[in-house]
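Enquirer: Got a structure for you, written out below as structure tokens; questions coming shortly.
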Amino acid sequence: MPLEAGLLEILACPACHAPLREEQSPKTPELVCTGAGCGLAYPVRDGIPVLLVDEARRPA
């Protein structure tokens, strides 16, 4: 289930404060940081973004 466009516009990466983009991974939807040096992927569980750096997946 996609997030509302208005919500996605105001969310930012907690680590570097760059904008996030929505992606669908094989297991769960994610919000991926667009920052050049960051790239963390935050899970979306039950339609709620989990914006905790400890829960983020590091880029491959």
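Residue numbering restarts at 1 in every chain; chains get A, B, ... in the order shown in the structure tokens, and ligands count up from 1 in that same order.
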I'd like the neighbourhood of A:Thr34 as a list in words, where a residue qualifies if any of its atoms comes within 7 Å (using only C-alpha atoms), though same-chain residues fewer than 6 positions away should be ignored.
Expert: Ala18, Pro19, Leu20 and Arg21 of chain A
Enquirer: Which is closest to A:Tyr42 among A:Ala60, A:Glu30, A:Cys16, A:Glu9, if we use only C-alpha atoms?
Expert: A:Glu30
Enquirer: Just list the residues in chain A DSSP gives strand (DSSP E or B) on the backbone, as a list in words.
Expert: Ala12, Pro19, Leu20, Arg21, Glu22, Glu23, Gln24, Pro29, Glu30, Leu31, Val32, Cys33, Ala41, Tyr42, Pro43, Val44, Arg45, Ile48, Pro49 and Arg57 of chain A
Enquirer: Any idea what's packed within 12 Å of A:Lys27, counting only C-alpha atoms, ignoring anything in its chain fewer than 6 positions away? Could you give it as a ChimeraX atom specification?
Expert: /A:43-45
Enquirer: Separation of atom CA of A:Leu31 and atom CA of A:Pro59, in Å?
Expert: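 A separation of 12.2 Å between them.
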Enquirer: Counting only C-alpha atoms, what is within 9 Å of A:Ala15, bar same-chain residues fewer than 5 positions away, as a list in words?
Expert: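 Everything that qualifies: Cys38, Leu40, Leu52 and Val53 of chain A.
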Enquirer: Using only all heavy atoms, please write the residues we just selected to a file, as a short mmCIF file (atom, residue, chain, number, x, y, z; two decimals), in the first residue's frame.
Expert:
data_model
loop_
_atom_site.label_atom_id
_atom_site.label_comp_id
_atom_site.auth_asym_id
_atom_site.auth_seq_id
_atom_site.Cartn_x
_atom_site.Cartn_y
_atom_site.Cartn_z
N CYS A 38 24.54 8.23 1.93
CA CYS A 38 23.76 7.50 2.94
C CYS A 38 23.14 6.24 2.34
O CYS A 38 23.66 5.16 2.51
CB CYS A 38 22.68 8.42 3.51
SG CYS A 38 21.78 7.72 4.90
N LEU A 40 20.44 4.58 3.22
CA LEU A 40 19.76 3.67 4.13
C LEU A 40 18.34 3.38 3.65
O LEU A 40 17.68 4.25 3.09
CB LEU A 40 19.72 4.25 5.54
CG LEU A 40 21.04 4.36 6.27
CD1 LEU A 40 20.85 5.10 7.60
CD2 LEU A 40 21.65 3.00 6.52
N LEU A 52 13.88 4.45 12.16
CA LEU A 52 14.90 4.27 13.17
C LEU A 52 16.18 3.80 12.47
O LEU A 52 16.15 2.81 11.73
CB LEU A 52 14.48 3.24 14.21
CG LEU A 52 13.22 3.57 15.01
CD1 LEU A 52 12.80 2.37 15.85
CD2 LEU A 52 13.45 4.78 15.88
N VAL A 53 17.28 4.49 12.72
CA VAL A 53 18.54 4.12 12.06
C VAL A 53 18.93 2.69 12.39
O VAL A 53 19.44 1.96 11.53
CB VAL A 53 19.66 5.12 12.44
CG1 VAL A 53 20.99 4.70 11.86
CG2 VAL A 53 19.29 6.53 11.97
#
Enquirer: Output as a ChimeraX atom specification all residues of chain A that backbone DSSP marks as alpha helix (DSSP H).
Expert: /A:5-10
Enquirer: Which residue is closest to A:Gly37? Choose from A:His17, A:Leu7, A:Pro49, A:Ser25 and count only C-alpha atoms.
Expert: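 For A:Gly37, the nearest of the candidates is A:His17.
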